[in-house]
Amino acid sequence: MNLALFRQTDSSDIPLRGTDVGNLLEAVHRRYNVRSNDQGTSRYIVGQLIKFGEAIGAIDPRTYAIQYARFRALKVLDLACGCEGYMKEAERNGRNTGGASANFFGPWLCRTLSMLEANVTGVDREFPRSIVKTEKKGRNPKRVGMPESEWIFVQRDLTQLDAIDQEHFPDNSFDAVSCTRFIGNKSGPVEVHGTILDPVSILGSAAPLADTWEMRELWEEDNEAYCRTLKGIREAAQRILREGGVFMLNTDVEIKTNGALKTRMP
Ligand SMILES: C[S@@+](CC[C@H](N)C(=O)[O-])C[C@H]1O[C@@H](n2cnc3c(N)ncnc32)[C@H](O)[C@@H]1O
């Protein structure tokens, strides 16, 4: 996974203090005890929120003004939403995390959107703030989550068929679906904020840049399973979004139009 790509998408050049987004960020710091010197995580939280806000036309990226009414009761699904255990596990597995804090890939979009009174469901393989509980003398270690009652967490492995099943995720029931930094939507060079990034020169591989480490390995070891996972996510988004709903896959935004996902015209 290329962490530099993610940093590059952060919005950090405009002073936030006193803006709507700045005030929200302060509230997030207080609510979730984010350390004031963890600037990487702060920038990431802001970048993620602004990108989503832009996608639904509810945050002005120049002034950081939030149209609060657009978020209220908005039904959002965040796929591979993030969890604190992710970076810790990456370190244990010897991945290069670029010194990012354990908080970095927490479920920040779920948290910020729920603070804006959206109706949020997050899906991930692992619970947010996961802790390992061991039952009976070290046997059956089990990951469990600390409850965050403001939003709903559903545990799923997105590489499994029917991970987003019809019973729990009914047709035409969400206003927006987001899936970022889990699986890449395109291979080959991508443009991020005016810079062309080429996966072959950055990763030494043609795997899409936004892949997690696991998805990059899946791309290389079982490309069919990789394509099935990506297709499954797109099909699920198309099915569960209401007409006019927004699908954000990394930096791409599509709108459900006449039942199909269509790229929004600039
Ligand atoms: C790099 S983080 C991205 C988090 C968040 N979406 C973001 O943009 O910051 C990748 C997340 O994907 C989750 N993940 C990895 N493999 C998964 C799988 N097979 N099914 C569901 N979630 C998975 C990890 O647990 C982690 O929380």
# chains A, B, ... in the order shown; residues from 1 in each chain; ligands from 1
call {"tool": "residues_around", "arguments": {"residues": "Arg111 of chain A", "least_positions_apart": "6", "cutoff": "8 Å", "atoms": "only C-alpha atoms", "output": "VMD selection string"}}
result
chain A and resid 28 150 to 151
call {"tool": "closest_atom_pairs", "arguments": {"of": "chain A", "to": "ligand 1", "cutoff": "8 Å", "atoms": "only C-alpha atoms and all ligand atoms", "output": "JSON lines"}}
result
{"residue": "A:Met1", "atom": "CA", "partner": "ligand 1", "partner_atom_place_in_ligand_line": "1 (C)", "distance": 8.0}
{"residue": "A:Tyr44", "atom": "CA", "partner": "ligand 1", "partner_atom_place_in_ligand_line": "9 (O)", "distance": 7.8}
{"residue": "A:Gln48", "atom": "CA", "partner": "ligand 1", "partner_atom_place_in_ligand_line": "8 (O)", "distance": 7.0}
{"residue": "A:Asp78", "atom": "CA", "partner": "ligand 1", "partner_atom_place_in_ligand_line": "6 (N)", "distance": 7.1}
{"residue": "A:Leu79", "atom": "CA", "partner": "ligand 1", "partner_atom_place_in_ligand_line": "6 (N)", "distance": 6.6}
{"residue": "A:Ala80", "atom": "CA", "partner": "ligand 1", "partner_atom_place_in_ligand_line": "22 (N)", "distance": 4.2}
{"residue": "A:Cys81", "atom": "CA", "partner": "ligand 1", "partner_atom_place_in_ligand_line": "6 (N)", "distance": 4.1}
{"residue": "A:Gly82", "atom": "CA", "partner": "ligand 1", "partner_atom_place_in_ligand_line": "27 (O)", "distance": 3.1}
{"residue": "A:Cys83", "atom": "CA", "partner": "ligand 1", "partner_atom_place_in_ligand_line": "27 (O)", "distance": 4.6}
{"residue": "A:Glu84", "atom": "CA", "partner": "ligand 1", "partner_atom_place_in_ligand_line": "27 (O)", "distance": 7.4}
{"residue": "A:Gly85", "atom": "CA", "partner": "ligand 1", "partner_atom_place_in_ligand_line": "25 (O)", "distance": 7.5}
{"residue": "A:Tyr86", "atom": "CA", "partner": "ligand 1", "partner_atom_place_in_ligand_line": "25 (O)", "distance": 5.4}
{"residue": "A:Phe104", "atom": "CA", "partner": "ligand 1", "partner_atom_place_in_ligand_line": "9 (O)", "distance": 7.4}
{"residue": "A:Phe105", "atom": "CA", "partner": "ligand 1", "partner_atom_place_in_ligand_line": "9 (O)", "distance": 4.8}
{"residue": "A:Gly106", "atom": "CA", "partner": "ligand 1", "partner_atom_place_in_ligand_line": "4 (C)", "distance": 6.6}
{"residue": "A:Pro107", "atom": "CA", "partner": "ligand 1", "partner_atom_place_in_ligand_line": "5 (C)", "distance": 6.2}
{"residue": "A:Trp108", "atom": "CA", "partner": "ligand 1", "partner_atom_place_in_ligand_line": "9 (O)", "distance": 7.1}
{"residue": "A:Leu109", "atom": "CA", "partner": "ligand 1", "partner_atom_place_in_ligand_line": "5 (C)", "distance": 7.5}
{"residue": "A:Val123", "atom": "CA", "partner": "ligand 1", "partner_atom_place_in_ligand_line": "21 (C)", "distance": 6.7}
{"residue": "A:Asp124", "atom": "CA", "partner": "ligand 1", "partner_atom_place_in_ligand_line": "22 (N)", "distance": 4.0}
{"residue": "A:Arg125", "atom": "CA", "partner": "ligand 1", "partner_atom_place_in_ligand_line": "21 (C)", "distance": 3.9}
{"residue": "A:Glu126", "atom": "CA", "partner": "ligand 1", "partner_atom_place_in_ligand_line": "25 (O)", "distance": 5.3}
{"residue": "A:Gln155", "atom": "CA", "partner": "ligand 1", "partner_atom_place_in_ligand_line": "21 (C)", "distance": 7.7}
{"residue": "A:Arg156", "atom": "CA", "partner": "ligand 1", "partner_atom_place_in_ligand_line": "21 (C)", "distance": 5.6}
{"residue": "A:Asp157", "atom": "CA", "partner": "ligand 1", "partner_atom_place_in_ligand_line": "20 (N)", "distance": 3.5}
{"residue": "A:Leu158", "atom": "CA", "partner": "ligand 1", "partner_atom_place_in_ligand_line": "20 (N)", "distance": 3.8}
{"residue": "A:Thr159", "atom": "CA", "partner": "ligand 1", "partner_atom_place_in_ligand_line": "19 (N)", "distance": 4.9}
{"residue": "A:Gln160", "atom": "CA", "partner": "ligand 1", "partner_atom_place_in_ligand_line": "19 (N)", "distance": 7.6}
{"residue": "A:Ser178", "atom": "CA", "partner": "ligand 1", "partner_atom_place_in_ligand_line": "6 (N)", "distance": 7.9}
{"residue": "A:Cys179", "atom": "CA", "partner": "ligand 1", "partner_atom_place_in_ligand_line": "6 (N)", "distance": 5.9}
{"residue": "A:Thr180", "atom": "CA", "partner": "ligand 1", "partner_atom_place_in_ligand_line": "8 (O)", "distance": 4.2}
{"residue": "A:Arg181", "atom": "CA", "partner": "ligand 1", "partner_atom_place_in_ligand_line": "8 (O)", "distance": 4.5}
{"residue": "A:Phe182", "atom": "CA", "partner": "ligand 1", "partner_atom_place_in_ligand_line": "10 (C)", "distance": 4.8}
{"residue": "A:Asp211", "atom": "CA", "partner": "ligand 1", "partner_atom_place_in_ligand_line": "1 (C)", "distance": 7.9}
{"residue": "A:Thr212", "atom": "CA", "partner": "ligand 1", "partner_atom_place_in_ligand_line": "1 (C)", "distance": 5.4}
{"residue": "A:Glu214", "atom": "CA", "partner": "ligand 1", "partner_atom_place_in_ligand_line": "16 (N)", "distance": 6.2}
{"residue": "A:Met215", "atom": "CA", "partner": "ligand 1", "partner_atom_place_in_ligand_line": "16 (N)", "distance": 7.1}
{"residue": "A:Asn250", "atom": "CA", "partner": "ligand 1", "partner_atom_place_in_ligand_line": "8 (O)", "distance": 7.7}
call {"tool": "residues_around", "arguments": {"residues": "segment 59-73 of chain A", "least_positions_apart": "4", "cutoff": "7 Å", "atoms": "only C-alpha atoms", "output": "count of residues only"}}
result
10
call {"tool": "atom_distance", "arguments": {"atom1": "atom CA of Arg30 of chain A", "atom2": "atom CA of Pro128 of chain A"}}
result
17.5 Å
call {"tool": "select_by_dssp", "arguments": {"residues": "segment 47-214 of chain A", "states": "alpha helix (DSSP H)", "output": "NGL selection string"}}
result
:A and (47-55 or 68-71 or 85-92 or 108-115 or 199-203 or 213-214)
call {"tool": "write_last_selection", "arguments": {"atoms": "C-alpha atoms", "output": "compact mmCIF listing (two decimals), in the first residue's frame"}}
result
# COMPACT_ATOMS: atom_id res chain seq x y z
CA GLY A 47 -9.19 14.96 3.85
CA GLN A 48 -11.56 12.02 4.00
CA LEU A 49 -14.51 14.10 5.20
CA ILE A 50 -13.98 16.80 2.61
CA LYS A 51 -13.76 14.32 -0.23
CA PHE A 52 -17.00 12.69 0.86
CA GLY A 53 -18.64 16.08 1.45
CA GLU A 54 -17.60 17.21 -2.04
CA ALA A 55 -18.99 13.99 -3.55
CA TYR A 68 -25.36 20.50 7.82
CA ALA A 69 -28.88 19.79 6.56
CA ARG A 70 -27.47 17.64 3.74
CA PHE A 71 -25.89 15.28 6.27
CA GLY A 85 -6.13 -2.81 14.92
CA TYR A 86 -5.21 -2.53 11.23
CA MET A 87 -1.96 -0.57 11.59
CA LYS A 88 -0.90 -2.58 14.63
CA GLU A 89 -1.36 -5.79 12.69
CA ALA A 90 0.47 -4.31 9.69
CA GLU A 91 3.44 -3.53 11.93
CA ARG A 92 3.38 -7.03 13.39
CA TRP A 108 -13.07 8.19 10.85
CA LEU A 109 -15.63 8.70 8.12
CA CYS A 110 -18.21 6.75 10.14
CA ARG A 111 -17.39 8.85 13.18
CA THR A 112 -17.40 12.28 11.53
CA LEU A 113 -20.56 11.57 9.53
CA SER A 114 -22.40 10.30 12.59
CA MET A 115 -21.34 13.48 14.44
CA PRO A 199 1.94 2.27 -9.66
CA VAL A 200 4.78 0.56 -11.49
CA SER A 201 7.29 3.26 -10.52
CA ILE A 202 5.90 3.60 -6.99
CA LEU A 203 5.10 0.01 -6.06
CA TRP A 213 -1.57 -4.62 1.35
CA GLU A 214 -3.93 -7.60 1.42
call {"tool": "residues_around", "arguments": {"residues": "Ala237 of chain A", "least_positions_apart": "2", "cutoff": "10 Å", "atoms": "only C-alpha atoms", "output": "compact mmCIF listing (two decimals) with N, CA and C atoms, in the first residue's frame"}}
result
# COMPACT_ATOMS: atom_id res chain seq x y z
N LEU A 77 -23.32 3.99 3.81
CA LEU A 77 -22.62 2.73 4.09
C LEU A 77 -21.15 2.94 3.75
N LEU A 79 -17.74 0.93 3.32
CA LEU A 79 -17.20 -0.42 3.19
C LEU A 79 -15.69 -0.42 3.47
N ILE A 164 -22.26 -8.45 1.29
CA ILE A 164 -23.29 -7.41 1.46
C ILE A 164 -24.61 -8.04 1.04
N PHE A 169 -28.79 -5.63 3.98
CA PHE A 169 -28.57 -4.43 3.17
C PHE A 169 -29.58 -4.44 2.03
N ASP A 171 -32.35 -3.56 -0.99
CA ASP A 171 -32.28 -2.79 -2.24
C ASP A 171 -32.70 -1.33 -2.01
N ASN A 172 -32.12 -0.45 -2.76
CA ASN A 172 -32.52 0.98 -2.80
C ASN A 172 -32.64 1.61 -1.41
N PHE A 174 -29.85 2.97 0.59
CA PHE A 174 -28.80 3.91 1.05
C PHE A 174 -28.72 5.13 0.13
N ALA A 176 -25.80 6.95 0.12
CA ALA A 176 -24.40 7.01 -0.32
C ALA A 176 -23.66 5.76 0.15
N VAL A 177 -22.75 5.29 -0.70
CA VAL A 177 -21.85 4.17 -0.34
C VAL A 177 -20.43 4.64 -0.60
N SER A 178 -19.57 4.45 0.40
CA SER A 178 -18.18 4.84 0.24
C SER A 178 -17.30 3.61 0.41
N CYS A 179 -16.24 3.54 -0.37
CA CYS A 179 -15.27 2.46 -0.19
C CYS A 179 -13.92 3.04 -0.58
N LYS A 231 -15.92 -6.46 -8.27
CA LYS A 231 -17.22 -6.54 -8.95
C LYS A 231 -18.33 -6.64 -7.90
N GLY A 232 -18.08 -7.46 -6.86
CA GLY A 232 -19.08 -7.64 -5.79
C GLY A 232 -19.41 -6.31 -5.11
N ILE A 233 -18.38 -5.51 -4.88
CA ILE A 233 -18.59 -4.21 -4.23
C ILE A 233 -19.41 -3.29 -5.13
N ARG A 234 -19.04 -3.24 -6.42
CA ARG A 234 -19.76 -2.37 -7.35
C ARG A 234 -21.23 -2.81 -7.49
N GLU A 235 -21.43 -4.12 -7.59
CA GLU A 235 -22.80 -4.61 -7.75
C GLU A 235 -23.63 -4.34 -6.49
N ARG A 239 -26.98 -2.02 -6.24
CA ARG A 239 -28.25 -2.58 -5.76
C ARG A 239 -28.80 -1.79 -4.57
N ILE A 240 -27.94 -1.48 -3.61
CA ILE A 240 -28.47 -0.91 -2.35
C ILE A 240 -28.66 0.60 -2.40
N LEU A 241 -28.05 1.26 -3.39
CA LEU A 241 -28.25 2.72 -3.48
C LEU A 241 -29.65 3.02 -4.01
N ARG A 242 -30.22 4.09 -3.50
CA ARG A 242 -31.46 4.58 -4.09
C ARG A 242 -31.11 5.30 -5.40
N GLY A 245 -28.48 8.06 -5.75
CA GLY A 245 -27.50 7.88 -4.67
C GLY A 245 -26.07 7.94 -5.20
N VAL A 246 -25.12 8.19 -4.29
CA VAL A 246 -23.73 8.45 -4.67
C VAL A 246 -22.84 7.28 -4.25
N PHE A 247 -22.02 6.81 -5.19
CA PHE A 247 -21.03 5.77 -4.89
C PHE A 247 -19.65 6.38 -5.02
N MET A 248 -18.88 6.36 -3.91
CA MET A 248 -17.53 6.89 -3.94
C MET A 248 -16.57 5.73 -3.80
N LEU A 249 -15.82 5.46 -4.85
CA LEU A 249 -14.82 4.40 -4.82
C LEU A 249 -13.45 5.08 -4.96
N LYS A 256 -26.14 6.71 -9.08
CA LYS A 256 -27.08 5.71 -9.60
C LYS A 256 -28.12 6.42 -10.46
N ALA A 260 -28.41 2.20 -12.86
CA ALA A 260 -27.00 1.81 -13.08
C ALA A 260 -26.07 2.91 -12.56
N LEU A 261 -24.82 2.51 -12.24
CA LEU A 261 -23.86 3.51 -11.76
C LEU A 261 -23.25 4.22 -12.96
call {"tool": "closest_residue", "arguments": {"among": "A:Glu220, A:Asp198, A:Asp175, A:Glu191", "to": "Gln238 of chain A", "atoms": "only C-alpha atoms"}}
result
A:Asp175
call {"tool": "residues_around", "arguments": {"residues": "Asp38 of chain A", "least_positions_apart": "4", "cutoff": "8 Å", "atoms": "only C-alpha atoms", "output": "list of chain:residue names"}}
result
A:Val34, A:Ser42, A:Ser101
call {"tool": "write_last_selection", "arguments": {"atoms": "N, CA and C atoms", "output": "CSV table (one decimal), in the first residue's frame"}}
result
chain,number,residue,atom,x,y,z
A,34,VAL,N,-8.1,12.0,20.3
A,34,VAL,CA,-7.0,12.0,19.3
A,34,VAL,C,-5.9,12.9,19.9
A,42,SER,N,-5.1,13.8,12.0
A,42,SER,CA,-6.0,14.9,11.8
A,42,SER,C,-6.2,15.3,10.4
A,101,SER,N,0.4,6.6,12.9
A,101,SER,CA,-0.1,6.1,14.2
A,101,SER,C,-1.2,5.1,14.0
call {"tool": "select_by_dssp", "arguments": {"residues": "segment 39-97 of chain A", "states": "strand (DSSP E or B)", "output": "ChimeraX atom specification"}}
result
/A:59-60,65-66,75-79
call {"tool": "closest_residue", "arguments": {"among": "A:Asn185, A:Thr97, A:Asn223, A:Thr41", "to": "Ala210 of chain A", "atoms": "only C-alpha atoms"}}
result
A:Asn185
call {"tool": "atom_distance", "arguments": {"atom1": "atom CA of Gly22 of chain A", "atom2": "atom CA of Arg43 of chain A"}}
result
10.7 Å
call {"tool": "atom_distance", "arguments": {"atom1": "atom CA of Glu224 of chain A", "atom2": "atom CA of Val190 of chain A"}}
result
22.2 Å
call {"tool": "decode", "arguments": {"residues": "segment 216-245 of chain A", "atoms": "N, CA and C atoms", "output": "CSV table (one decimal), in the first residue's frame"}}
result
chain,number,residue,atom,x,y,z
A,216,ARG,N,-3.5,-6.0,-2.6
A,216,ARG,CA,-2.4,-6.0,-3.5
A,216,ARG,C,-1.9,-7.5,-3.7
A,217,GLU,N,-1.8,-8.1,-2.5
A,217,GLU,CA,-1.4,-9.5,-2.6
A,217,GLU,C,-2.4,-10.4,-3.3
A,218,LEU,N,-3.7,-10.1,-3.1
A,218,LEU,CA,-4.7,-10.9,-3.8
A,218,LEU,C,-4.6,-10.6,-5.3
A,219,TRP,N,-4.4,-9.4,-5.7
A,219,TRP,CA,-4.2,-9.0,-7.1
A,219,TRP,C,-3.1,-9.9,-7.7
A,220,GLU,N,-2.0,-10.0,-7.0
A,220,GLU,CA,-0.9,-10.8,-7.5
A,220,GLU,C,-1.0,-12.3,-7.5
A,221,GLU,N,-1.7,-12.8,-6.4
A,221,GLU,CA,-1.8,-14.2,-6.2
A,221,GLU,C,-3.1,-14.8,-6.8
A,222,ASP,N,-4.2,-14.1,-6.8
A,222,ASP,CA,-5.4,-14.7,-7.3
A,222,ASP,C,-6.2,-13.5,-7.9
A,223,ASN,N,-5.8,-13.2,-9.1
A,223,ASN,CA,-6.4,-12.0,-9.8
A,223,ASN,C,-7.9,-12.2,-10.0
A,224,GLU,N,-8.3,-13.4,-10.2
A,224,GLU,CA,-9.8,-13.7,-10.4
A,224,GLU,C,-10.5,-13.3,-9.1
A,225,ALA,N,-10.0,-13.7,-7.9
A,225,ALA,CA,-10.7,-13.4,-6.7
A,225,ALA,C,-10.7,-11.9,-6.4
A,226,TYR,N,-9.6,-11.2,-6.8
A,226,TYR,CA,-9.5,-9.7,-6.7
A,226,TYR,C,-10.6,-9.1,-7.6
A,227,CYS,N,-10.8,-9.5,-8.8
A,227,CYS,CA,-11.8,-8.9,-9.7
A,227,CYS,C,-13.2,-9.2,-9.2
A,228,ARG,N,-13.4,-10.4,-8.6
A,228,ARG,CA,-14.7,-10.8,-8.1
A,228,ARG,C,-15.0,-9.9,-6.9
A,229,THR,N,-14.0,-9.6,-6.1
A,229,THR,CA,-14.3,-8.7,-4.9
A,229,THR,C,-14.7,-7.3,-5.4
A,230,LEU,N,-13.9,-6.8,-6.3
A,230,LEU,CA,-14.2,-5.5,-6.8
A,230,LEU,C,-15.6,-5.4,-7.5
A,231,LYS,N,-15.9,-6.5,-8.3
A,231,LYS,CA,-17.2,-6.5,-9.0
A,231,LYS,C,-18.3,-6.6,-7.9
A,232,GLY,N,-18.1,-7.5,-6.9
A,232,GLY,CA,-19.1,-7.6,-5.8
A,232,GLY,C,-19.4,-6.3,-5.1
A,233,ILE,N,-18.4,-5.5,-4.9
A,233,ILE,CA,-18.6,-4.2,-4.2
A,233,ILE,C,-19.4,-3.3,-5.1
A,234,ARG,N,-19.0,-3.2,-6.4
A,234,ARG,CA,-19.8,-2.4,-7.4
A,234,ARG,C,-21.2,-2.8,-7.5
A,235,GLU,N,-21.4,-4.1,-7.6
A,235,GLU,CA,-22.8,-4.6,-7.8
A,235,GLU,C,-23.6,-4.3,-6.5
A,236,ALA,N,-23.0,-4.5,-5.3
A,236,ALA,CA,-23.7,-4.3,-4.1
A,236,ALA,C,-24.1,-2.8,-4.0
A,237,ALA,N,-23.1,-1.9,-4.4
A,237,ALA,CA,-23.4,-0.5,-4.3
A,237,ALA,C,-24.6,-0.1,-5.2
A,238,GLN,N,-24.6,-0.7,-6.4
A,238,GLN,CA,-25.6,-0.4,-7.4
A,238,GLN,C,-27.0,-0.9,-6.9
A,239,ARG,N,-27.0,-2.0,-6.2
A,239,ARG,CA,-28.3,-2.6,-5.8
A,239,ARG,C,-28.8,-1.8,-4.6
A,240,ILE,N,-27.9,-1.5,-3.6
A,240,ILE,CA,-28.5,-0.9,-2.3
A,240,ILE,C,-28.7,0.6,-2.4
A,241,LEU,N,-28.0,1.3,-3.4
A,241,LEU,CA,-28.3,2.7,-3.5
A,241,LEU,C,-29.6,3.0,-4.0
A,242,ARG,N,-30.2,4.1,-3.5
A,242,ARG,CA,-31.5,4.6,-4.1
A,242,ARG,C,-31.1,5.3,-5.4
A,243,GLU,N,-32.1,5.5,-6.2
A,243,GLU,CA,-31.9,6.3,-7.5
A,243,GLU,C,-31.3,7.6,-7.1
A,244,GLY,N,-30.3,8.1,-7.8
A,244,GLY,CA,-29.7,9.4,-7.5
A,244,GLY,C,-28.6,9.3,-6.4
A,245,GLY,N,-28.5,8.1,-5.8
A,245,GLY,CA,-27.5,7.9,-4.7
A,245,GLY,C,-26.1,7.9,-5.2
